[in-house]
file work.txt (compact mmCIF, C-alpha atoms)
# COMPACT_ATOMS: atom_id res chain seq x y z
CA MET A 1237 20.25 8.27 38.01
CA LEU A 1238 22.72 11.08 37.15
CA ARG A 1239 24.17 10.94 40.66
CA THR A 1240 24.71 7.18 40.28
CA THR A 1241 26.30 7.64 36.83
CA PHE A 1242 28.71 10.38 37.89
CA GLY A 1243 29.50 8.51 41.10
CA GLY A 1244 30.48 5.45 39.11
CA ILE A 1245 32.66 7.52 36.78
CA ARG A 1246 34.29 9.18 39.79
CA ASN A 1247 35.11 5.74 41.22
CA LEU A 1248 36.59 4.69 37.90
CA ILE A 1249 38.86 7.74 37.83
CA GLY A 1250 39.79 7.05 41.42
CA ARG A 1251 41.28 3.73 40.39
CA LEU A 1252 43.99 5.73 38.63
CA PHE A 1253 45.47 6.63 41.97
CA VAL A 1254 44.89 3.35 43.81
CA HIS A 1255 48.21 1.87 44.96
CA SER A 1256 50.13 4.82 43.48
CA MET A 1257 51.02 6.49 46.78
CA PRO A 1258 54.56 5.93 48.12
CA GLY A 1259 54.74 3.26 50.77
CA HIS A 1260 51.44 1.64 49.68
CA ARG A 1261 51.45 -2.05 50.65
CA ARG A 1262 47.90 -3.22 50.08
CA ASN A 1263 47.25 -6.95 49.48
CA ARG A 1264 50.83 -7.95 50.12
CA ASP A 1265 51.19 -11.61 50.99
CA ASN A 1266 54.10 -13.83 51.90
CA GLY A 1267 52.47 -17.05 50.78
CA GLY A 1268 53.58 -19.98 52.87
CA GLY A 1269 55.04 -17.97 55.71
CA GLY A 1270 58.65 -17.05 56.31
CA GLY A 1271 58.89 -15.29 52.94
CA GLY A 1272 58.95 -16.89 49.53
CA GLY A 1273 55.52 -15.74 48.33
CA MET A 1274 54.13 -12.81 46.42
CA ILE A 1275 50.62 -11.60 45.63
CA LEU A 1276 50.51 -8.03 44.36
CA GLY A 1277 47.52 -5.72 44.49
CA PRO A 1278 45.06 -5.31 41.60
CA VAL A 1279 46.00 -3.48 38.42
CA SER A 1280 45.14 0.23 38.56
CA TYR A 1281 44.80 2.85 35.85
CA LEU A 1282 48.33 3.99 36.72
CA ASP A 1283 49.51 0.49 35.84
CA CYS A 1284 47.63 0.73 32.54
CA ILE A 1285 49.40 3.99 31.69
CA VAL A 1286 52.82 2.54 32.53
CA PHE A 1287 52.02 -0.56 30.50
CA CYS A 1288 51.31 1.65 27.47
CA ILE A 1289 54.62 3.45 28.04
CA PHE A 1290 56.45 0.11 27.87
CA LEU A 1291 54.30 -1.01 24.92
CA ALA A 1292 54.67 1.97 22.57
CA PRO A 1293 58.37 1.63 21.65
CA GLN A 1294 58.03 -2.14 21.26
CA LEU A 1295 55.16 -1.69 18.81
CA ILE A 1296 57.19 0.79 16.79
CA TRP A 1297 60.25 -1.49 16.85
CA ASN A 1298 58.49 -4.78 16.08
CA VAL A 1299 55.54 -3.67 13.95
CA GLY A 1300 56.69 -0.36 12.49
CA LEU A 1301 55.73 3.25 13.06
CA LEU A 1302 53.22 3.59 10.22
CA PRO A 1303 51.35 0.30 10.92
CA THR A 1304 51.19 1.23 14.61
CA ILE A 1305 49.80 4.69 13.83
CA LYS A 1306 47.32 3.17 11.35
CA CYS A 1307 46.08 0.70 13.97
CA MET A 1308 45.74 3.45 16.57
CA LEU A 1309 43.78 5.71 14.21
CA GLU A 1310 41.43 2.86 13.28
CA ALA A 1311 40.86 2.04 16.95
CA LEU A 1312 40.44 5.65 18.08
CA PRO A 1313 36.72 6.04 17.26
CA PHE A 1314 35.91 2.83 19.13
CA VAL A 1315 38.08 3.49 22.18
CA VAL A 1316 37.25 7.19 22.57
CA PHE A 1317 33.58 7.22 21.55
CA LYS A 1318 31.84 3.91 20.87
CA ILE A 1319 33.13 1.87 23.83
CA PRO A 1320 32.55 4.64 26.45
CA VAL A 1321 29.03 5.32 25.11
CA GLN A 1322 28.15 1.61 25.17
CA PHE A 1323 29.73 1.31 28.61
CA ILE A 1324 27.75 4.18 30.14
CA HIS A 1325 24.51 3.19 28.45
CA GLU A 1326 24.55 -0.46 29.47
CA ARG A 1327 26.08 0.04 32.89
CA TRP A 1328 24.02 2.95 34.23
CA LEU A 1329 21.17 3.68 31.81
CA SER A 1330 19.87 0.14 31.17
CA SER A 1331 17.73 -2.10 33.32
CA SER A 1332 19.25 -5.20 34.87
CA HIS A 1333 17.30 -7.36 32.40
CA ASP A 1334 18.95 -5.61 29.44
CA LYS A 1335 22.49 -6.00 30.76
CA SER A 1336 24.66 -8.94 29.75
CA PRO A 1337 25.21 -11.60 32.44
CA PHE A 1338 28.83 -10.54 32.86
CA VAL A 1339 28.04 -6.84 33.24
CA ARG A 1340 25.52 -7.61 36.01
CA LYS A 1341 28.30 -9.03 38.17
CA ALA A 1342 31.34 -7.08 36.98
CA SER A 1343 32.84 -3.95 38.51
CA PRO A 1344 33.12 -0.85 36.30
CA PHE A 1345 36.86 -1.45 35.83
CA GLU A 1346 36.36 -5.11 34.88
CA ASP A 1347 33.55 -4.17 32.53
CA PHE A 1348 35.47 -1.41 30.74
CA VAL A 1349 38.66 -3.44 30.28
CA ILE A 1350 36.78 -6.46 28.93
CA ARG A 1351 35.02 -4.22 26.39
CA CYS A 1352 38.43 -3.02 25.19
CA VAL A 1353 39.75 -6.59 25.03
CA ARG A 1354 36.66 -7.66 23.07
CA TYR A 1355 37.34 -4.97 20.48
CA ALA A 1356 41.04 -5.84 20.30
CA PHE A 1357 40.46 -9.58 19.88
CA ALA A 1358 38.13 -9.04 16.93
CA ASN A 1359 39.94 -6.15 15.23
CA ILE A 1360 43.63 -5.88 16.17
CA PRO A 1361 46.03 -7.93 13.96
CA PRO A 1362 47.80 -10.77 15.84
CA LYS A 1363 51.24 -9.34 14.96
CA ILE A 1364 50.30 -6.30 17.06
CA GLY A 1365 48.51 -8.33 19.73
CA ARG A 1366 51.51 -10.55 20.34
CA VAL A 1367 53.64 -7.50 21.23
CA PHE A 1368 51.17 -6.72 24.06
CA PHE A 1369 51.98 -10.06 25.71
CA SER A 1370 55.68 -10.27 24.82
CA LYS A 1371 58.57 -10.62 27.22
CA GLN A 1372 59.86 -7.16 26.26
CA VAL A 1373 56.67 -5.55 27.57
CA ALA A 1374 55.44 -7.97 30.23
CA LEU A 1375 58.69 -8.37 32.18
CA PRO A 1376 59.46 -4.67 32.78
CA PHE A 1377 55.78 -4.14 33.59
CA LEU A 1378 55.92 -6.87 36.25
CA LYS A 1379 59.10 -5.35 37.69
CA PHE A 1380 57.35 -1.98 37.88
CA ARG A 1381 54.38 -3.50 39.70
CA MET A 1382 56.71 -5.29 42.11
CA LEU A 1383 58.64 -2.09 42.82
CA ARG A 1384 55.38 -0.18 43.38
CA HIS A 1385 54.41 -2.77 46.00
CA GLY A 1386 57.77 -2.61 47.77
CA TYR A 1387 59.60 -5.55 46.14
CA LEU A 1388 63.08 -4.88 44.76
CA ARG A 1389 63.22 -8.51 43.66
CA SER A 1390 60.82 -11.42 43.52
CA PRO A 1391 60.54 -13.25 46.88
CA MET A 1392 59.54 -16.38 44.94
CA HIS A 1393 62.51 -17.72 42.99
CA TRP A 1394 62.14 -17.89 39.22
CA ARG A 1395 64.50 -18.30 36.32
CA GLU A 1396 64.43 -18.74 32.58
CA HIS A 1397 65.09 -22.20 31.17
CA VAL A 1398 66.22 -22.29 27.55
CA THR A 1399 67.35 -25.31 25.53
CA ALA A 1400 67.56 -26.13 21.83
CA ASN A 1401 64.22 -27.98 21.99
CA PHE A 1402 62.05 -25.90 24.34
CA ARG A 1403 62.06 -22.91 26.63
CA GLY A 1404 60.10 -21.65 29.58
CA ILE A 1405 60.13 -20.21 33.09
CA TRP A 1406 60.85 -22.23 36.21
CA VAL A 1407 59.23 -21.01 39.44
CA ILE A 1408 60.01 -22.69 42.77
CA LYS A 1409 59.78 -21.75 46.42
CA ASP A 1410 63.21 -23.18 47.37
CA PRO A 1411 65.55 -23.76 44.40
CA LEU A 1412 67.93 -25.80 46.56
CA ALA A 1413 65.32 -28.38 47.58
CA THR A 1414 63.41 -31.04 45.65
CA PRO A 1415 59.84 -30.01 44.81
CA ASP A 1416 56.98 -31.94 46.40
CA PHE A 1417 54.58 -30.74 43.68
CA VAL A 1418 55.13 -29.53 40.11
CA LEU A 1419 52.60 -27.67 37.97
CA TYR A 1420 53.34 -27.84 34.24
CA TYR A 1421 51.57 -24.86 32.66
CA ALA A 1422 50.88 -23.82 29.06
CA HIS A 1423 49.61 -20.28 28.48
CA GLY A 1424 46.72 -19.16 26.29
CA GLY A 1425 46.56 -16.65 23.46
CA GLY A 1426 45.07 -18.38 20.43
CA PHE A 1427 48.50 -19.86 19.56
CA SER A 1428 49.24 -16.45 17.99
CA MET A 1429 49.77 -14.32 21.11
CA GLY A 1430 50.76 -14.73 24.74
CA SER A 1431 53.93 -15.65 26.58
CA ALA A 1432 55.00 -17.24 29.83
CA TYR A 1433 56.28 -13.81 30.88
CA PHE A 1434 52.85 -12.22 30.59
CA TYR A 1435 51.53 -14.98 32.87
CA LEU A 1436 54.42 -14.73 35.34
CA GLU A 1437 52.59 -12.65 37.95
CA PHE A 1438 49.62 -15.03 37.79
CA LEU A 1439 51.95 -18.01 38.23
CA LEU A 1440 53.90 -16.41 41.09
CA SER A 1441 50.59 -15.74 42.83
CA TRP A 1442 49.46 -19.31 42.24
CA ALA A 1443 52.76 -20.62 43.59
CA SER A 1444 52.18 -18.54 46.74
CA VAL A 1445 48.69 -20.02 47.18
CA LEU A 1446 50.06 -23.53 46.61
CA SER A 1447 52.63 -22.92 49.32
CA SER A 1448 49.96 -21.62 51.69
CA SER A 1449 47.84 -24.71 51.01
CA GLY A 1450 50.38 -27.10 52.53
CA PHE A 1451 52.89 -27.96 49.82
CA LYS A 1452 56.36 -27.55 51.28
CA ASN A 1453 58.18 -26.72 48.05
CA PRO A 1454 55.78 -26.23 45.12
CA ALA A 1455 57.21 -25.56 41.66
CA ILE A 1456 55.78 -24.41 38.35
CA PHE A 1457 57.25 -24.80 34.89
CA ALA A 1458 55.59 -22.48 32.35
CA LEU A 1459 56.20 -23.51 28.75
CA ASP A 1460 56.95 -20.65 26.36
CA TYR A 1461 56.05 -22.38 23.11
CA THR A 1462 56.57 -21.03 19.58
CA LEU A 1463 53.73 -18.89 18.27
CA VAL A 1464 51.96 -18.93 14.92
CA PRO A 1465 52.98 -17.87 12.25
CA ASP A 1466 56.59 -18.50 13.29
CA ALA A 1467 55.68 -22.19 13.34
CA SER A 1468 52.55 -24.32 13.29
CA TYR A 1469 51.71 -27.82 14.48
CA PRO A 1470 53.58 -30.09 15.31
CA THR A 1471 56.26 -27.68 16.60
CA GLN A 1472 54.22 -26.73 19.67
CA ILE A 1473 53.40 -30.30 20.71
CA GLN A 1474 57.03 -31.31 20.25
CA GLU A 1475 58.06 -28.47 22.56
CA ALA A 1476 55.32 -29.46 25.01
CA ILE A 1477 56.59 -33.04 25.07
CA GLU A 1478 60.19 -31.95 25.69
CA GLY A 1479 59.06 -29.57 28.44
CA TYR A 1480 57.06 -32.39 30.02
CA ARG A 1481 60.11 -34.68 29.83
CA TYR A 1482 62.11 -32.05 31.69
CA VAL A 1483 59.42 -31.66 34.36
CA LEU A 1484 59.35 -35.43 34.91
CA LYS A 1485 63.11 -35.44 35.36
CA VAL A 1486 62.97 -32.69 37.98
CA ALA A 1487 59.90 -34.07 39.78
CA ARG A 1488 61.26 -37.65 39.79
CA ASP A 1489 57.72 -38.89 40.37
CA PRO A 1490 54.97 -38.36 37.75
CA ALA A 1491 52.35 -38.72 40.50
CA ILE A 1492 53.22 -35.24 41.85
CA VAL A 1493 52.96 -33.60 38.42
CA CYS A 1494 49.83 -31.68 37.44
CA VAL A 1495 49.53 -30.57 33.81
CA SER A 1496 47.57 -27.37 33.34
CA GLY A 1497 46.83 -24.52 30.98
CA ASP A 1498 44.21 -22.06 29.83
CA SER A 1499 42.55 -21.63 26.44
CA ALA A 1500 45.02 -22.60 23.68
CA GLY A 1501 47.44 -23.79 26.36
CA ALA A 1502 44.77 -26.17 27.67
CA THR A 1503 44.33 -27.41 24.09
CA LEU A 1504 48.03 -28.19 24.05
CA ILE A 1505 47.75 -30.04 27.38
CA LEU A 1506 44.83 -32.17 26.13
CA SER A 1507 46.79 -32.87 22.96
CA LEU A 1508 49.77 -33.86 25.11
CA LEU A 1509 47.64 -36.40 27.00
CA LEU A 1510 46.30 -37.89 23.76
CA HIS A 1511 49.80 -38.14 22.29
CA LEU A 1512 51.16 -39.88 25.40
CA SER A 1513 48.40 -42.48 25.21
CA CYS A 1514 48.05 -42.94 21.44
CA LYS A 1515 48.13 -46.60 20.35
CA ASP A 1516 47.85 -45.97 16.60
CA ALA A 1517 51.30 -46.77 15.22
CA SER A 1518 50.45 -45.04 11.94
CA ALA A 1519 49.58 -41.74 13.64
CA LYS A 1520 52.10 -38.90 13.90
CA ARG A 1521 52.35 -39.19 17.66
CA TYR A 1522 54.92 -37.84 20.09
CA GLY A 1523 55.96 -38.69 23.63
CA VAL A 1524 54.76 -42.29 23.54
CA GLY A 1525 56.33 -44.23 26.41
CA LEU A 1526 56.46 -41.34 28.86
CA PRO A 1527 54.41 -41.85 32.06
CA MET A 1528 51.10 -40.07 32.53
CA PRO A 1529 50.92 -37.15 35.01
CA GLY A 1530 49.07 -37.35 38.29
CA LEU A 1531 46.41 -34.80 37.41
CA ALA A 1532 45.16 -32.35 34.76
CA VAL A 1533 43.61 -28.98 35.69
CA LEU A 1534 42.28 -26.96 32.78
CA ILE A 1535 40.99 -23.39 32.54
CA SER A 1536 38.55 -22.66 29.69
CA PRO A 1537 40.06 -25.24 27.31
CA TRP A 1538 39.77 -24.62 23.57
CA THR A 1539 38.70 -28.22 23.08
CA THR A 1540 37.86 -28.09 19.36
CA LEU A 1541 39.84 -25.81 17.05
CA VAL A 1542 37.02 -25.16 14.59
CA SER A 1543 33.39 -25.71 15.56
CA SER A 1544 29.96 -24.47 14.49
CA ARG A 1545 29.07 -24.53 18.20
CA HIS A 1546 31.42 -21.60 18.85
CA THR A 1547 29.00 -18.70 19.07
CA ASN A 1548 29.69 -15.10 20.09
CA THR A 1549 27.99 -13.96 23.30
CA THR A 1550 27.23 -10.51 24.69
CA SER A 1551 29.48 -11.22 27.69
CA ASP A 1552 32.60 -12.95 26.38
CA TYR A 1553 35.52 -11.15 24.74
CA LEU A 1554 36.40 -13.98 22.35
CA ASN A 1555 35.31 -13.83 18.72
CA ALA A 1556 34.22 -17.05 17.01
CA GLU A 1557 35.34 -16.01 13.52
CA GLN A 1558 38.84 -15.09 14.67
CA LEU A 1559 39.11 -18.32 16.64
CA SER A 1560 38.35 -20.34 13.53
CA THR A 1561 41.12 -18.51 11.67
CA TYR A 1562 43.61 -19.01 14.49
CA GLY A 1563 42.73 -22.70 14.79
CA LYS A 1564 43.33 -23.40 11.11
CA GLN A 1565 46.59 -21.46 11.19
CA PHE A 1566 47.78 -23.53 14.16
CA ALA A 1567 46.93 -26.84 12.45
CA GLY A 1568 48.84 -25.69 9.38
CA ASN A 1569 49.13 -27.88 6.31
CA LYS A 1570 50.68 -30.94 7.95
CA MET A 1571 47.60 -31.97 9.91
CA SER A 1572 43.84 -31.73 9.50
CA TRP A 1573 42.35 -29.26 11.98
CA SER A 1574 39.83 -32.00 12.87
CA ASP A 1575 42.46 -34.61 13.79
CA PRO A 1576 42.10 -35.49 17.51
CA LEU A 1577 45.84 -35.16 18.08
CA VAL A 1578 45.68 -31.47 17.16
CA SER A 1579 42.04 -30.79 18.08
CA PRO A 1580 41.27 -32.96 21.15
CA GLY A 1581 37.56 -32.21 21.14
CA CYS A 1582 37.32 -34.25 17.93
CA CYS A 1583 38.33 -37.44 19.78
CA ASN A 1584 35.29 -39.69 20.22
CA ASP A 1585 37.24 -42.82 21.18
CA ALA A 1586 36.26 -43.62 24.80
CA ALA A 1587 39.09 -46.15 25.22
CA TRP A 1588 41.63 -43.59 24.04
CA TRP A 1589 40.34 -41.02 26.55
CA ARG A 1590 40.54 -43.61 29.35
CA ARG A 1591 44.19 -44.21 28.48
CA ALA A 1592 44.77 -40.45 28.30
CA SER A 1593 43.32 -39.72 31.73
CA PRO A 1594 45.83 -38.91 34.49
CA SER A 1595 45.77 -41.22 37.50
CA ASN A 1596 43.86 -38.66 39.59
CA GLY A 1597 41.56 -37.50 36.82
CA ILE A 1598 40.79 -34.18 35.15
CA PHE A 1599 39.31 -30.97 36.54
CA ILE A 1600 37.91 -28.29 34.21
CA THR A 1601 36.71 -24.79 35.07
CA TYR A 1602 35.06 -22.45 32.56
CA GLY A 1603 32.57 -19.62 32.18
CA GLU A 1604 28.91 -20.10 31.41
CA GLU A 1605 28.96 -17.20 28.93
CA GLU A 1606 32.15 -17.95 27.03
CA VAL A 1607 32.30 -18.85 23.34
CA PHE A 1608 33.83 -22.26 24.16
CA SER A 1609 31.13 -23.21 26.66
CA PRO A 1610 29.07 -25.58 24.42
CA GLU A 1611 32.14 -27.53 23.28
CA ILE A 1612 33.57 -27.73 26.81
CA HIS A 1613 30.24 -28.97 28.12
CA GLY A 1614 30.15 -31.58 25.34
CA LEU A 1615 33.66 -32.83 26.10
CA ILE A 1616 32.89 -33.15 29.81
CA ALA A 1617 29.77 -35.21 29.00
CA ARG A 1618 31.82 -37.44 26.68
CA LEU A 1619 34.50 -38.00 29.33
CA ASN A 1620 31.86 -38.85 31.92
CA GLU A 1621 30.28 -41.36 29.55
CA ALA A 1622 33.72 -42.93 29.05
CA GLY A 1623 33.94 -43.48 32.80
CA LEU A 1624 36.74 -41.02 33.49
CA ARG A 1625 37.22 -39.31 36.80
CA VAL A 1626 36.35 -35.83 35.57
CA GLU A 1627 34.90 -32.95 37.54
CA SER A 1628 34.04 -29.45 36.41
CA GLU A 1629 32.99 -26.06 37.67
CA VAL A 1630 31.08 -23.58 35.55
CA GLU A 1631 31.03 -19.94 36.61
CA GLU A 1632 27.54 -18.45 36.31
CA GLY A 1633 27.73 -15.40 34.05
CA GLY A 1634 31.45 -16.11 33.70
CA ILE A 1635 33.64 -15.39 30.68
CA HIS A 1636 36.77 -16.90 29.18
CA ALA A 1637 39.75 -17.71 31.44
CA TRP A 1638 38.36 -15.62 34.30
CA PRO A 1639 40.61 -17.16 37.01
CA VAL A 1640 43.54 -15.58 35.14
CA ALA A 1641 41.88 -12.27 34.22
CA SER A 1642 40.30 -11.67 37.63
CA LEU A 1643 43.69 -11.69 39.35
CA PHE A 1644 44.52 -8.50 37.44
CA LEU A 1645 41.11 -6.86 37.02
CA SER A 1646 39.24 -7.48 40.27
CA THR A 1647 39.74 -5.31 43.34
CA ALA A 1648 38.64 -7.43 46.31
CA ARG A 1649 41.33 -9.88 47.39
CA GLU A 1650 38.97 -12.84 47.74
CA LYS A 1651 37.53 -12.27 44.27
CA ARG A 1652 41.00 -11.94 42.76
CA LEU A 1653 42.20 -15.18 44.31
CA LYS A 1654 38.97 -17.16 44.05
CA GLY A 1655 40.07 -18.91 40.85
CA VAL A 1656 43.55 -20.00 41.92
CA LYS A 1657 42.30 -20.97 45.37
CA GLY A 1658 39.60 -23.15 43.83
CA LEU A 1659 42.11 -24.81 41.51
CA THR A 1660 44.52 -25.34 44.40
CA MET A 1661 41.79 -26.96 46.50
CA GLU A 1662 41.12 -29.41 43.65
CA ILE A 1663 44.83 -30.19 43.41
CA ARG A 1664 45.14 -30.72 47.15
CA LYS A 1665 42.08 -32.95 47.16
CA ARG A 1666 43.67 -35.29 44.61
CA LEU A 1667 47.40 -34.96 45.24
CA SER A 1668 47.59 -35.10 49.03
CA THR A 1669 50.90 -34.92 50.82
CA SER A 1670 51.90 -36.47 54.12
CA ASP A 1671 51.07 -33.22 55.89
CA ALA A 1672 47.48 -32.12 56.29
CA ALA A 1673 46.50 -29.26 54.06
CA LYS A 1674 46.51 -25.90 55.75
CA PRO A 1675 43.60 -23.50 55.22
CA MET A 1676 44.15 -20.99 52.43

call {"tool": "encode", "arguments": {"input": "work.txt", "output": "structure tokens"}}
result
Amino acid sequence: MLRTTFGGIRNLIGRLFVHSMPGHRRNRDNGGGGGGGMILGPVSYLDCIVFCIFLAPQLIWNVGLLPTIKCMLEALPFVVFKIPVQFIHERWLSSSHDKSPFVRKASPFEDFVIRCVRYAFANIPPKIGRVFFSKQVALPFLKFRMLRHGYLRSPMHWREHVTANFRGIWVIKDPLATPDFVLYYAHGGGFSMGSAYFYLEFLLSWASVLSSSGFKNPAIFALDYTLVPDASYPTQIQEAIEGYRYVLKVARDPAIVCVSGDSAGATLILSLLLHLSCKDASAKRYGVGLPMPGLAVLISPWTTLVSSRHTNTTSDYLNAEQLSTYGKQFAGNKMSWSDPLVSPGCCNDAAWWRRASPSNGIFITYGEEEVFSPEIHGLIARLNEAGLRVESEVEEGGIHAWPVASLFLSTAREKRLKGVKGLTMEIRKRLSTSDAAKPM
């Protein structure tokens, strides 16, 4: 038992040096061939240290020195003592029966990071959490990871897109050619945290997989919507509508557009679909008259903002009480948090859902162990009863938004890309091009 325990700890420490040697090129991928793709290696402990180096001055600048120190001191007993003790006890000193479903399948690195995220989600104030995912931290961190893997610049073209009404990041294989597929993506983060920049590596990797799957010139537009408390609903849906209008203009054909998002971003996408199809003239609707997209692909959607069915699990890192607070803050005082236009899971109108369904249906993937699981399962059942073309995939023992998290936390290439490859296969199955799909 002791040998197993110390061996596992030794492997954990070893991750500190993975990919840190000069000239290391592990898991480098050129996507669709001939350049234009990028899939970096997994995050190592060295990356975590560098991330903290980028994070520290931003916390001091945006939050303040004393609040930052206070937060660190409050977290210290958990991070230094409680989390490691729980980690060692459950991972190496407990029977398989006593381990949570996620721990049974997770690597030590995945397990430890998720424990830290679980603590942070329940205890760290959103004003501090949002700095973690901000452009000022995420973008230099991505550039560091690219440089460490031998990239002086991104081989997949991307640029910022900023207007008076919305902003985001445009990713495309060939910026001089018309895209043959456009993914419109909204990031997660409880409406209080997150940014398109934090998701940029995930999206660049997804764009590479899309290119490898047979799309000649795939593109992604990632919406960088306004966070709470800077603004609440309807600001975010108005930005989502304007971003969607822009995507339609670039794509020229709504049939090649797939709307997508994870967590709160998936909530925004579902809300977008309901707004586009709303027939109630008295409702505060937006985007009416715009064509529906060709497909919707959702990762762990936060279907209902506030629900008694949201229950904490031993595996997931989300916290039901915090989610309820975030949901009410997002709805604000201009809309009831139970209105279907702001909380799509509250829509029980089958005809409305049929109007809201994209021409090629909806695909939803989520984790069996996540807090949102009961509500997601309920929405899928409701959509099936309404006669929609909806398919889903539930990950056994899975947690929230794992296709995103696994790209950074998992080590094996196939495990890291399993989520985006599965989503891409669903997209290819529904939005076929003239060329046969190539194997991924």

call {"tool": "residues_around", "arguments": {"input": "work.txt", "residues": "Val1493 of chain A", "least_positions_apart": "5", "cutoff": "6 Å", "atoms": "only C-alpha atoms", "output": "ChimeraX atom specification"}}
result
/A:1418-1419,1529-1530

call {"tool": "write_last_selection", "arguments": {"input": "work.txt", "atoms": "C-alpha atoms", "output": "PDB file, in the frame of the given file"}}
result
ATOM      1  CA  VAL A1418      55.130 -29.530  40.110  1.00  0.00           C
ATOM      2  CA  LEU A1419      52.600 -27.670  37.970  1.00  0.00           C
ATOM      3  CA  PRO A1529      50.920 -37.150  35.010  1.00  0.00           C
ATOM      4  CA  GLY A1530      49.070 -37.350  38.290  1.00  0.00           C
TER       5      GLY A1530
END

call {"tool": "residues_around", "arguments": {"input": "work.txt", "residues": "His1546 of chain A", "least_positions_apart": "2", "cutoff": "6 Å", "atoms": "all atoms listed in the file", "output": "number ranges by chain"}}
result
A: 1543-1544, 1556, 1607-1608

call {"tool": "residues_around", "arguments": {"input": "work.txt", "residues": "Leu1619 of chain A", "least_positions_apart": "2", "cutoff": "10 Å", "atoms": "only C-alpha atoms", "output": "number ranges by chain"}}
result
A: 1584-1586, 1589-1590, 1593, 1598, 1614-1617, 1621-1627

call {"tool": "closest_residue", "arguments": {"input": "work.txt", "among": "A:Pro1527, A:Met1308, A:Ala1443, A:Glu1632", "to": "Ser1336 of chain A", "atoms": "only C-alpha atoms"}}
result
A:Glu1632

call {"tool": "residues_around", "arguments": {"input": "work.txt", "residues": "segment 1523-1525 of chain A", "least_positions_apart": "4", "cutoff": "12 Å", "atoms": "only C-alpha atoms", "output": "PDB file with C-alpha atoms, in the coordinates of the input"}}
result
ATOM      1  CA  ILE A1473      53.400 -30.300  20.710  1.00  0.00           C
ATOM      2  CA  GLN A1474      57.030 -31.310  20.250  1.00  0.00           C
ATOM      3  CA  GLU A1475      58.060 -28.470  22.560  1.00  0.00           C
ATOM      4  CA  ALA A1476      55.320 -29.460  25.010  1.00  0.00           C
ATOM      5  CA  ILE A1477      56.590 -33.040  25.070  1.00  0.00           C
ATOM      6  CA  GLU A1478      60.190 -31.950  25.690  1.00  0.00           C
ATOM      7  CA  GLY A1479      59.060 -29.570  28.440  1.00  0.00           C
ATOM      8  CA  TYR A1480      57.060 -32.390  30.020  1.00  0.00           C
ATOM      9  CA  ARG A1481      60.110 -34.680  29.830  1.00  0.00           C
ATOM     10  CA  SER A1507      46.790 -32.870  22.960  1.00  0.00           C
ATOM     11  CA  LEU A1508      49.770 -33.860  25.110  1.00  0.00           C
ATOM     12  CA  LEU A1509      47.640 -36.400  27.000  1.00  0.00           C
ATOM     13  CA  LEU A1510      46.300 -37.890  23.760  1.00  0.00           C
ATOM     14  CA  HIS A1511      49.800 -38.140  22.290  1.00  0.00           C
ATOM     15  CA  LEU A1512      51.160 -39.880  25.400  1.00  0.00           C
ATOM     16  CA  SER A1513      48.400 -42.480  25.210  1.00  0.00           C
ATOM     17  CA  CYS A1514      48.050 -42.940  21.440  1.00  0.00           C
ATOM     18  CA  LYS A1515      48.130 -46.600  20.350  1.00  0.00           C
ATOM     19  CA  ASP A1516      47.850 -45.970  16.600  1.00  0.00           C
ATOM     20  CA  ALA A1517      51.300 -46.770  15.220  1.00  0.00           C
ATOM     21  CA  ALA A1519      49.580 -41.740  13.640  1.00  0.00           C
ATOM     22  CA  ARG A1591      44.190 -44.210  28.480  1.00  0.00           C
ATOM     23  CA  ALA A1592      44.770 -40.450  28.300  1.00  0.00           C
TER      24      ALA A1592
END

call {"tool": "build_atoms", "arguments": {"input": "work.txt", "residues": "segment 1346-1354 of chain A", "atoms": "N, CA and C atoms", "output": "short mmCIF file (atom, residue, chain, number, x, y, z; two decimals), in the frame of the given file"}}
result
data_model
loop_
_atom_site.label_atom_id
_atom_site.label_comp_id
_atom_site.auth_asym_id
_atom_site.auth_seq_id
_atom_site.Cartn_x
_atom_site.Cartn_y
_atom_site.Cartn_z
N GLU A 1346 36.40 -3.83 35.59
CA GLU A 1346 36.36 -5.11 34.88
C GLU A 1346 35.57 -4.98 33.59
N ASP A 1347 34.43 -4.34 33.68
CA ASP A 1347 33.55 -4.17 32.53
C ASP A 1347 34.24 -3.39 31.41
N PHE A 1348 34.85 -2.27 31.75
CA PHE A 1348 35.47 -1.41 30.74
C PHE A 1348 36.65 -2.11 30.06
N VAL A 1349 37.50 -2.76 30.85
CA VAL A 1349 38.66 -3.44 30.28
C VAL A 1349 38.24 -4.57 29.36
N ILE A 1350 37.24 -5.35 29.77
CA ILE A 1350 36.78 -6.46 28.93
C ILE A 1350 36.19 -5.95 27.62
N ARG A 1351 35.53 -4.81 27.63
CA ARG A 1351 35.02 -4.22 26.39
C ARG A 1351 36.18 -3.88 25.45
N CYS A 1352 37.25 -3.34 26.01
CA CYS A 1352 38.43 -3.02 25.19
C CYS A 1352 39.07 -4.28 24.64
N VAL A 1353 39.17 -5.33 25.47
CA VAL A 1353 39.75 -6.59 25.03
C VAL A 1353 38.90 -7.22 23.94
N ARG A 1354 37.58 -7.11 24.08
CA ARG A 1354 36.66 -7.66 23.07
C ARG A 1354 36.90 -7.00 21.71
#
